[in-house]
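To keep things clear, I will list the structure first and then write my remarks on it.
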There are 2 protein chains.
Amino acid sequence: MTADAEPGSVMAAEIAEQPAVLERLVTQGSSEIAQVTAELARRSIRFVLLAARGTSDHAALYAKYLVEVGLALPAGLVSPSSSTVYGSRPDLREVLFIAVSQSGGSPDLVDSLAAARTCGATTVAVTNNVHSQLAGAAEFVVDVGAGVEHAVAATKSYTAQLLALHLLLAPLGHPGLAINKVGPLAEAAQSTLEREADVHAVAARYRFANRMIVAARGYSYPTAREAALKLMETSYLGAQAFSGADLLHGPMAMIDAHTPVLAVATEGRGGSAMKPVLEVLRARNADLVLVRSHQNGGTRPGPEAAVLTVATQGIREALHPVLEILPLQQLALRLALDRGGNPDAPRGLRKVTETW
Amino acid sequence: MTADAEPGSVMAAEIAEQPAVLERLVTQGSSEIAQVTAELARRSIRFVLLAARGTSDHAALYAKYLVEVGLALPAGLVSPSSSTVYGSRPDLREVLFIAVSQSGGSPDLVDSLAAARTCGATTVAVTNNVHSQLAGAAEFVVDVGAGVEHAVAATKSYTAQLLALHLLLAPLGHPGLAINKVGPLAEAAQSTLEREADVHAVAARYRFANRMIVAARGYSYPTAREAALKLMETSYLGAQAFSGADLLHGPMAMIDAHTPVLAVATEGRGGSAMKPVLEVLRARNADLVLVRSHQNGGTRPGPEAAVLTVATQGIREALHPVLEILPLQQLALRLALDRGGNPDAPRGLRKVTETW
């Protein structure tokens with residue numbers, strides 16, 4: 001990245017690279033991941049713990065749904081501070097501990113995984129850097145293989161993490177869910193990215209907004225969380241994510257006709273569960289942007305401010321999050337540029353964040 | 001509650017009631033809770049799951065720290081949609097499943113707990129209504145005994161939930177942590193509430209703010225989450241909560257000299273872990289309000305916009321959250337009134353939220 005590069009060009013290039021990254025992970029990376037899956041299948045695993053920070057935390061949240069729904073095992077997102085700040089050393093026999101990190105470099109995550117391993121957990125590092133400290137500390141390593149990521153705002157490493165976690169975990173629940181069940185994901189990603197004109201119209205609409213709500217349910221809830229983080233770190237927008245159900249328990253009070261709401265409701269059970277939430281949002285005259293499937297996603301058409309379409313045809317619901325985030329990454333990029341910012345170098349951030 | 005009541009009078013009365021509620025829970029409620037604890041101590045428990053929505057979700061998050069740190073057991077917050085939307089039926093033998101709900105009335109929570117019980121979990125309902133459906137569905141019931149709560153914005157039921165969860169869980173980790181280790185909590189709460197003039201000054205400062213960040217770490221992180229929710233539901237403020245560590249991973253980019261930040265850092269390990277976060281916030285010239293202990297809480301004095309003091313002397317860190325939220329409840333109330341709202345009747349909200 002050179003200092004005189006066009007603002008946003010690095011992030012734009014990495015967003016555009018995603019279909020190729022996904023394709024490569026399926027064709028070249030999946031057999032190595034399948035070996036880790038086979039090792040895990042031999043272990044007695046009763047609980048799954050996930051540890052991550054930032055964007056990777058949203059990939060971890062996605063994995064939590066994969067575990068709860070697909071593997072029918074209880075799961076939790078660990079609070080790293082429990083071990084790093086309070087020195088907790090829990091009994092982790094029969095626990096699968098998965099740490100997710102693009103860089104594999106944050107000390108609290110490395111310490112957290114190392115402590116879990118000492119406490120008896122089976123440990124897996126899901127990372128974009130197989131030479132990282134995190135990878136070194138883990139018993140098993142999953143390479144998300146996104147290639148070096150330069151932009152501070154993670155994009156391709158996120159969708160690669162989602163797919164890698166799916167490849168790793170889904171076959172544990174249903175051995176039938178091997179690689180041939182991924183479907184035409186790269187093509188669907190490409191097709192979704194090509195609808196960028198719709199995204200630009202949404203960015204223009206919210207050029208002067210200073211708040212935004214993002215809502216979704218089920219597998220798509222991590223999409224809402226990650227979209228809000230992208231908007232915060234590139235456009236400095238006060239973006240807040242809620243599960244559709246949680247939105248009804250209080251935060252709905254702050255929504256009126258001046259509040260932009262991005263609602264993610266692609267076809268599937270999570271999208272269907274958003275129906276009552278969309279009804280309340282429409283009744284409150286929220287300025288609603290619906291992120292939905294081509295085929296309408298089972299959501300009643302309403303007086304939306306805009307619709308962003310995701311090409312989910314032929315892709316199972318558990319993989320929709322890989323696609324749903326794409327127009328929202330484009331939105332964060334475009335909004336940052338429209339506001340005169342440089343999403344490749346957000347103020348006050350560095351690529352690798354070290355926390356203890 | 002009559003229609004012509006003074007705006008905010010109901011919420012104000014319930015905030016003021018908290019010292020009495022805490023005292024009553026210690027003196028009258030604790031022996032019944034101790035019986036449930038004794039029953040749990042006889043079970044083989046390897047993993048703890050917590051389920052809740054809204055304010056109660058923050059009490060559940062607090063309990064997660066109690067479990068991870070105090071009981072040295074892995075824990076997770078369940079996504080109710082995994083069972084209610086996706087029909088997941090996990091193997092929950094040796095799992096303690098705790099549902100937290102003021103009303104005990106939300107259908108998804110009742111279904112989620114009933115499903116967990118069917119799947120082999122030991123189930124506990126922590127609720128303010130022992131005659132609720134949730135209480136009926138659970139094997140064990142913990143009555144938080146806050147008395148009927150009228151204000152839509154939960155206050156006394158939240159601190160009562162925190163204390164009840166502490167009374168229930170702390171002795172499981174350290175049998176020495178019985179009731180006599182609670183300390184002079186009611187007096188500390190009263191003393192904290194009496195510093196309301198400081199709160200009014202902060203409310204005046206942020207009369208025209210439309211965003212706010214709340215940050216904390218460890219046991220105090222639930223305080224940040226609950227404070228943000230109170231501000232959203234009463235003042236319609238775009239309030240966002242972050243763990244101090246997560247704030248450094250991205251959202252810090254949106255913070256500048258025009259961003260009000262409430263940082264909770266009372267004396268203890270969680271407060272100490274906020275030090276590097278406070279340094280970054282000060283370097284970015286954030287408009288910082290520090291919520292700290294009388295005795296300064298180990299945090300370096302800085303050019304804060306204001307300080308809100310919490311009377312934590314003689315109270316162990318794991319109980320600080322019961323006190324830290326008090327000035328922040330007062331702030332939400334005052335800010336709503338200053339803005340001409342009625343925090344007793346936030347727009348679009350009802351006391352019992354039913355989600356599926």
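Just remember, in the structure tokens the first chain shown is A, the second B, etc., residues are 1-based per chain, and ligands are 1-based in the order shown.
Near B:Leu237, within 10 Å and counting only C-alpha atoms, sit Arg211, Pro251, Ala253, Met254 and Ile255 of chain A; Phe208, Ala209, Asn210, Arg211, Met212, Ala228, Leu229, Lys230, Leu231, Met232, Glu233, Ala332, Leu335 and Ala336 of chain B, not including residues fewer than 4 positions from it in the same chain.
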Could you please take those selected residues and save C-alpha atoms as a PDB file, in the first residue's frame?
```
ATOM      1  CA  ARG A 211     -26.762   6.809  13.200  1.00  0.00           C
ATOM      2  CA  PRO A 251     -34.042  -0.345  21.672  1.00  0.00           C
ATOM      3  CA  ALA A 253     -37.974   3.051  21.398  1.00  0.00           C
ATOM      4  CA  MET A 254     -35.232   5.070  19.709  1.00  0.00           C
ATOM      5  CA  ILE A 255     -36.426   4.249  16.193  1.00  0.00           C
TER       6      ILE A 255
ATOM      7  CA  PHE B 208     -28.053  17.761  22.913  1.00  0.00           C
ATOM      8  CA  ALA B 209     -25.823  14.755  22.298  1.00  0.00           C
ATOM      9  CA  ASN B 210     -27.307  12.150  20.006  1.00  0.00           C
ATOM     10  CA  ARG B 211     -24.667   9.460  20.464  1.00  0.00           C
ATOM     11  CA  MET B 212     -22.839   8.049  23.430  1.00  0.00           C
ATOM     12  CA  ALA B 228     -26.521   1.851  26.993  1.00  0.00           C
ATOM     13  CA  LEU B 229     -29.898   0.113  26.905  1.00  0.00           C
ATOM     14  CA  LYS B 230     -31.348   2.463  29.557  1.00  0.00           C
ATOM     15  CA  LEU B 231     -30.147   5.483  27.566  1.00  0.00           C
ATOM     16  CA  MET B 232     -31.625   4.079  24.344  1.00  0.00           C
ATOM     17  CA  GLU B 233     -35.016   3.215  25.762  1.00  0.00           C
ATOM     18  CA  ALA B 332     -30.997   7.900  31.727  1.00  0.00           C
ATOM     19  CA  LEU B 335     -31.639  12.976  30.372  1.00  0.00           C
ATOM     20  CA  ALA B 336     -35.070  11.756  29.262  1.00  0.00           C
TER      21      ALA B 336
END
```
Considering only C-alpha atoms, tabulate each residue of stretch 69-186 of chain B that lies at most 10 Å from stretch 56-73 of chain A along with its nearest interatomic pair and the corresponding distance in Å to one decimal; arrange the rows by chain and ascending residue number and present them as CSV.
```
residue,atom,partner,partner_atom,distance
B:Gly76,CA,A:Lys64,CA,9.7
B:Val78,CA,A:Glu68,CA,8.6
B:Ser79,CA,A:Tyr65,CA,7.8
B:Ser81,CA,A:Tyr65,CA,9.1
B:Ser82,CA,A:Val69,CA,5.7
B:Ser83,CA,A:Val69,CA,7.6
B:Val85,CA,A:Val69,CA,9.7
B:Tyr86,CA,A:Val69,CA,6.5
B:Gly87,CA,A:Val69,CA,7.6
B:Ser88,CA,A:Val69,CA,5.0
B:Arg89,CA,A:Ala72,CA,6.0
B:Pro90,CA,A:Ala72,CA,4.0
B:Asp91,CA,A:Leu73,CA,6.1
B:Leu92,CA,A:Leu73,CA,7.7
```
Contact residues around B:Ala257 with only C-alpha atoms at 10 Å, ignoring same-chain residues under 5 positions, as number ranges by chain: B: 281-288
- request: Would you list the contacts of B:Ala34 as number ranges by chain, taking every protein, DNA or RNA residue within 12 Å and counting only C-alpha atoms, but skipping same-chain residues closer than 4 positions in sequence?
  value: B: 25-26, 28-30, 38-41, 140-143, 164-172, 175, 177-179
For the alpha helix (DSSP H) assignment from backbone DSSP, which residues of stretch 92-267 of chain B qualify? Please present them as an mmCIF file with N, CA and C atoms, in the first residue's frame.
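Produced file result-v3.cif, reproduced below:
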```cif
data_model
loop_
_atom_site.group_PDB
_atom_site.id
_atom_site.type_symbol
_atom_site.label_atom_id
_atom_site.label_comp_id
_atom_site.auth_asym_id
_atom_site.auth_seq_id
_atom_site.Cartn_x
_atom_site.Cartn_y
_atom_site.Cartn_z
ATOM 1 N N PRO B 107 -42.455 -15.688 25.413
ATOM 2 C CA PRO B 107 -42.632 -17.070 24.941
ATOM 3 C C PRO B 107 -41.346 -17.743 24.485
ATOM 4 N N ASP B 108 -40.434 -16.995 23.811
ATOM 5 C CA ASP B 108 -39.235 -17.670 23.311
ATOM 6 C C ASP B 108 -38.345 -18.147 24.446
ATOM 7 N N LEU B 109 -38.379 -17.419 25.558
ATOM 8 C CA LEU B 109 -37.564 -17.808 26.702
ATOM 9 C C LEU B 109 -38.161 -19.043 27.389
ATOM 10 N N VAL B 110 -39.487 -19.039 27.513
ATOM 11 C CA VAL B 110 -40.160 -20.197 28.112
ATOM 12 C C VAL B 110 -39.887 -21.443 27.262
ATOM 13 N N ASP B 111 -40.033 -21.309 25.941
ATOM 14 C CA ASP B 111 -39.797 -22.435 25.035
ATOM 15 C C ASP B 111 -38.348 -22.901 25.109
ATOM 16 N N SER B 112 -37.457 -21.934 25.189
ATOM 17 C CA SER B 112 -36.039 -22.233 25.219
ATOM 18 C C SER B 112 -35.692 -23.024 26.488
ATOM 19 N N LEU B 113 -36.236 -22.604 27.615
ATOM 20 C CA LEU B 113 -35.979 -23.316 28.871
ATOM 21 C C LEU B 113 -36.639 -24.689 28.869
ATOM 22 N N ALA B 114 -37.871 -24.760 28.363
ATOM 23 C CA ALA B 114 -38.560 -26.057 28.323
ATOM 24 C C ALA B 114 -37.783 -27.040 27.445
ATOM 25 N N ALA B 115 -37.273 -26.542 26.305
ATOM 26 C CA ALA B 115 -36.494 -27.400 25.411
ATOM 27 C C ALA B 115 -35.220 -27.873 26.109
ATOM 28 N N ALA B 116 -34.566 -26.971 26.845
ATOM 29 C CA ALA B 116 -33.334 -27.328 27.549
ATOM 30 C C ALA B 116 -33.607 -28.410 28.593
ATOM 31 N N ARG B 117 -34.739 -28.296 29.275
ATOM 32 C CA ARG B 117 -35.090 -29.287 30.303
ATOM 33 C C ARG B 117 -35.311 -30.652 29.651
ATOM 34 N N THR B 118 -35.997 -30.659 28.520
ATOM 35 C CA THR B 118 -36.212 -31.899 27.775
ATOM 36 C C THR B 118 -34.883 -32.513 27.344
ATOM 37 N N GLN B 133 -45.039 -18.240 33.597
ATOM 38 C CA GLN B 133 -44.870 -19.452 32.792
ATOM 39 C C GLN B 133 -43.440 -19.962 32.878
ATOM 40 N N LEU B 134 -42.500 -19.021 32.893
ATOM 41 C CA LEU B 134 -41.092 -19.406 32.963
ATOM 42 C C LEU B 134 -40.811 -20.157 34.260
ATOM 43 N N ALA B 135 -41.324 -19.624 35.372
ATOM 44 C CA ALA B 135 -41.126 -20.277 36.671
ATOM 45 C C ALA B 135 -41.761 -21.668 36.647
ATOM 46 N N GLY B 136 -42.935 -21.753 36.013
ATOM 47 C CA GLY B 136 -43.622 -23.039 35.945
ATOM 48 C C GLY B 136 -42.868 -24.081 35.145
ATOM 49 N N ALA B 137 -42.124 -23.623 34.151
ATOM 50 C CA ALA B 137 -41.422 -24.556 33.266
ATOM 51 C C ALA B 137 -40.099 -25.034 33.850
ATOM 52 N N LYS B 156 -34.988 -1.628 39.377
ATOM 53 C CA LYS B 156 -34.828 -2.409 40.611
ATOM 54 C C LYS B 156 -34.807 -3.904 40.332
ATOM 55 N N SER B 157 -35.502 -4.341 39.289
ATOM 56 C CA SER B 157 -35.468 -5.784 38.997
ATOM 57 C C SER B 157 -34.083 -6.185 38.491
ATOM 58 N N TYR B 158 -33.368 -5.258 37.841
ATOM 59 C CA TYR B 158 -32.020 -5.566 37.330
ATOM 60 C C TYR B 158 -31.026 -5.771 38.470
ATOM 61 N N THR B 159 -30.958 -4.802 39.396
ATOM 62 C CA THR B 159 -29.996 -4.952 40.500
ATOM 63 C C THR B 159 -30.382 -6.145 41.381
ATOM 64 N N ALA B 160 -31.686 -6.394 41.505
ATOM 65 C CA ALA B 160 -32.111 -7.570 42.277
ATOM 66 C C ALA B 160 -31.695 -8.862 41.567
ATOM 67 N N GLN B 161 -31.780 -8.882 40.241
ATOM 68 C CA GLN B 161 -31.318 -10.056 39.478
ATOM 69 C C GLN B 161 -29.828 -10.289 39.698
ATOM 70 N N LEU B 162 -29.049 -9.197 39.647
ATOM 71 C CA LEU B 162 -27.602 -9.325 39.838
ATOM 72 C C LEU B 162 -27.299 -9.941 41.202
ATOM 73 N N LEU B 163 -27.930 -9.377 42.229
ATOM 74 C CA LEU B 163 -27.653 -9.870 43.584
ATOM 75 C C LEU B 163 -28.143 -11.313 43.741
ATOM 76 N N ALA B 164 -29.322 -11.608 43.214
ATOM 77 C CA ALA B 164 -29.855 -12.972 43.327
ATOM 78 C C ALA B 164 -28.930 -13.970 42.629
ATOM 79 N N LEU B 165 -28.420 -13.609 41.453
ATOM 80 C CA LEU B 165 -27.504 -14.497 40.732
ATOM 81 C C LEU B 165 -26.213 -14.680 41.516
ATOM 82 N N HIS B 166 -25.762 -13.606 42.165
ATOM 83 C CA HIS B 166 -24.557 -13.712 42.994
ATOM 84 C C HIS B 166 -24.801 -14.636 44.180
ATOM 85 N N LEU B 167 -25.938 -14.453 44.844
ATOM 86 C CA LEU B 167 -26.267 -15.299 45.998
ATOM 87 C C LEU B 167 -26.389 -16.763 45.571
ATOM 88 N N LEU B 168 -26.946 -16.978 44.368
ATOM 89 C CA LEU B 168 -27.142 -18.341 43.871
ATOM 90 C C LEU B 168 -25.831 -19.011 43.494
ATOM 91 N N LEU B 169 -24.968 -18.275 42.788
ATOM 92 C CA LEU B 169 -23.812 -18.910 42.151
ATOM 93 C C LEU B 169 -22.513 -18.824 42.943
ATOM 94 N N ALA B 170 -22.272 -17.683 43.606
ATOM 95 C CA ALA B 170 -20.966 -17.502 44.241
ATOM 96 C C ALA B 170 -20.612 -18.625 45.224
ATOM 97 N N PRO B 171 -21.561 -19.091 46.053
ATOM 98 C CA PRO B 171 -21.194 -20.146 47.003
ATOM 99 C C PRO B 171 -20.845 -21.476 46.317
ATOM 100 N N LEU B 172 -21.269 -21.672 45.076
ATOM 101 C CA LEU B 172 -20.923 -22.911 44.360
ATOM 102 C C LEU B 172 -19.425 -22.960 44.063
ATOM 103 N N GLY B 173 -18.840 -21.780 43.843
ATOM 104 C CA GLY B 173 -17.416 -21.733 43.554
ATOM 105 C C GLY B 173 -16.592 -21.722 44.824
ATOM 106 N N LEU B 185 -24.104 -3.719 51.272
ATOM 107 C CA LEU B 185 -24.495 -3.366 49.911
ATOM 108 C C LEU B 185 -25.619 -2.333 49.874
ATOM 109 N N ALA B 186 -26.617 -2.510 50.727
ATOM 110 C CA ALA B 186 -27.753 -1.577 50.723
ATOM 111 C C ALA B 186 -27.289 -0.165 51.086
ATOM 112 N N GLU B 187 -26.408 -0.072 52.081
ATOM 113 C CA GLU B 187 -25.896 1.238 52.485
ATOM 114 C C GLU B 187 -25.078 1.858 51.349
ATOM 115 N N ALA B 188 -24.256 1.026 50.707
ATOM 116 C CA ALA B 188 -23.439 1.516 49.596
ATOM 117 C C ALA B 188 -24.332 2.012 48.457
ATOM 118 N N ALA B 189 -25.427 1.295 48.207
ATOM 119 C CA ALA B 189 -26.361 1.707 47.154
ATOM 120 C C ALA B 189 -26.986 3.054 47.511
ATOM 121 N N GLN B 190 -27.399 3.185 48.769
ATOM 122 C CA GLN B 190 -28.015 4.435 49.211
ATOM 123 C C GLN B 190 -27.042 5.602 49.061
ATOM 124 N N SER B 191 -25.810 5.362 49.517
ATOM 125 C CA SER B 191 -24.789 6.407 49.464
ATOM 126 C C SER B 191 -24.481 6.797 48.016
ATOM 127 N N THR B 192 -24.475 5.816 47.115
ATOM 128 C CA THR B 192 -24.228 6.099 45.691
ATOM 129 C C THR B 192 -25.381 6.915 45.095
ATOM 130 N N LEU B 193 -26.604 6.531 45.426
ATOM 131 C CA LEU B 193 -27.774 7.236 44.886
ATOM 132 C C LEU B 193 -27.835 8.694 45.353
ATOM 133 N N GLU B 196 -26.704 12.363 43.439
ATOM 134 C CA GLU B 196 -27.449 12.624 42.209
ATOM 135 C C GLU B 196 -27.102 13.967 41.558
ATOM 136 N N ALA B 197 -26.624 14.935 42.342
ATOM 137 C CA ALA B 197 -26.288 16.245 41.765
ATOM 138 C C ALA B 197 -25.219 16.101 40.676
ATOM 139 N N ASP B 198 -24.244 15.202 40.903
ATOM 140 C CA ASP B 198 -23.214 14.959 39.884
ATOM 141 C C ASP B 198 -23.848 14.454 38.593
ATOM 142 N N VAL B 199 -24.828 13.588 38.747
ATOM 143 C CA VAL B 199 -25.510 13.014 37.582
ATOM 144 C C VAL B 199 -26.235 14.099 36.797
ATOM 145 N N HIS B 200 -26.874 15.008 37.504
ATOM 146 C CA HIS B 200 -27.614 16.074 36.818
ATOM 147 C C HIS B 200 -26.685 16.946 35.981
ATOM 148 N N ALA B 201 -25.475 17.170 36.486
ATOM 149 C CA ALA B 201 -24.504 17.962 35.722
ATOM 150 C C ALA B 201 -24.116 17.231 34.429
ATOM 151 N N VAL B 202 -23.948 15.932 34.513
ATOM 152 C CA VAL B 202 -23.613 15.155 33.312
ATOM 153 C C VAL B 202 -24.780 15.189 32.322
ATOM 154 N N ALA B 203 -25.995 15.059 32.836
ATOM 155 C CA ALA B 203 -27.179 15.106 31.967
ATOM 156 C C ALA B 203 -27.258 16.447 31.244
ATOM 157 N N ALA B 204 -26.958 17.516 31.965
ATOM 158 C CA ALA B 204 -27.013 18.843 31.348
ATOM 159 C C ALA B 204 -25.986 18.953 30.223
ATOM 160 N N ARG B 205 -24.800 18.387 30.476
ATOM 161 C CA ARG B 205 -23.744 18.442 29.469
ATOM 162 C C ARG B 205 -24.159 17.756 28.166
ATOM 163 N N TYR B 221 -18.471 -5.031 32.465
ATOM 164 C CA TYR B 221 -18.947 -4.942 31.076
ATOM 165 C C TYR B 221 -20.485 -4.995 30.998
ATOM 166 N N PRO B 222 -21.139 -5.860 31.782
ATOM 167 C CA PRO B 222 -22.610 -5.820 31.762
ATOM 168 C C PRO B 222 -23.163 -4.461 32.174
ATOM 169 N N THR B 223 -22.473 -3.745 33.043
ATOM 170 C CA THR B 223 -22.909 -2.399 33.428
ATOM 171 C C THR B 223 -22.951 -1.488 32.201
ATOM 172 N N ALA B 224 -21.909 -1.601 31.365
ATOM 173 C CA ALA B 224 -21.867 -0.775 30.150
ATOM 174 C C ALA B 224 -23.034 -1.114 29.236
ATOM 175 N N ARG B 225 -23.302 -2.409 29.087
ATOM 176 C CA ARG B 225 -24.402 -2.838 28.206
ATOM 177 C C ARG B 225 -25.748 -2.339 28.725
ATOM 178 N N GLU B 226 -25.957 -2.481 30.024
ATOM 179 C CA GLU B 226 -27.244 -2.083 30.607
ATOM 180 C C GLU B 226 -27.409 -0.559 30.581
ATOM 181 N N ALA B 227 -26.333 0.167 30.842
ATOM 182 C CA ALA B 227 -26.409 1.630 30.792
ATOM 183 C C ALA B 227 -26.796 2.083 29.386
ATOM 184 N N ALA B 228 -26.196 1.473 28.379
ATOM 185 C CA ALA B 228 -26.521 1.851 26.993
ATOM 186 C C ALA B 228 -27.992 1.572 26.696
ATOM 187 N N LEU B 229 -28.485 0.434 27.153
ATOM 188 C CA LEU B 229 -29.898 0.113 26.905
ATOM 189 C C LEU B 229 -30.817 1.120 27.591
ATOM 190 N N LYS B 230 -30.526 1.460 28.845
ATOM 191 C CA LYS B 230 -31.348 2.463 29.557
ATOM 192 C C LYS B 230 -31.385 3.773 28.781
ATOM 193 N N LEU B 231 -30.214 4.222 28.303
ATOM 194 C CA LEU B 231 -30.147 5.483 27.566
ATOM 195 C C LEU B 231 -30.938 5.407 26.265
ATOM 196 N N MET B 232 -30.872 4.248 25.597
ATOM 197 C CA MET B 232 -31.625 4.079 24.344
ATOM 198 C C MET B 232 -33.116 4.116 24.594
ATOM 199 N N GLU B 233 -33.575 3.371 25.616
ATOM 200 C CA GLU B 233 -35.016 3.215 25.762
ATOM 201 C C GLU B 233 -35.703 4.391 26.440
ATOM 202 N N THR B 234 -34.943 5.191 27.194
ATOM 203 C CA THR B 234 -35.602 6.343 27.829
ATOM 204 C C THR B 234 -35.294 7.663 27.115
ATOM 205 N N SER B 235 -34.014 7.853 26.694
ATOM 206 C CA SER B 235 -33.626 9.130 26.084
ATOM 207 C C SER B 235 -33.557 9.043 24.565
ATOM 208 N N GLY B 244 -13.901 -2.774 26.824
ATOM 209 C CA GLY B 244 -12.769 -1.900 26.533
ATOM 210 C C GLY B 244 -11.864 -2.485 25.471
ATOM 211 N N ALA B 245 -11.651 -3.792 25.524
ATOM 212 C CA ALA B 245 -10.758 -4.427 24.558
ATOM 213 C C ALA B 245 -11.364 -4.389 23.154
ATOM 214 N N ASP B 246 -12.653 -4.692 23.046
ATOM 215 C CA ASP B 246 -13.289 -4.673 21.724
ATOM 216 C C ASP B 246 -13.303 -3.270 21.128
ATOM 217 N N LEU B 247 -13.418 -2.266 21.991
ATOM 218 C CA LEU B 247 -13.422 -0.881 21.514
ATOM 219 C C LEU B 247 -12.140 -0.582 20.731
ATOM 220 N N LEU B 248 -11.033 -1.146 21.201
ATOM 221 C CA LEU B 248 -9.751 -0.917 20.527
ATOM 222 C C LEU B 248 -9.683 -1.621 19.173
#
```
task: May I have the residues within 6 Å of B:Leu77 as a VMD selection string, using only C-alpha atoms and disregarding those fewer than 2 positions away in the same chain?
output: chain B and resid 49 to 51
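Taking only C-alpha atoms into account, chain A lies nearest to B:Ala273 out of the set B:Val21, B:Ala318, B:Val291, B:Ala273.
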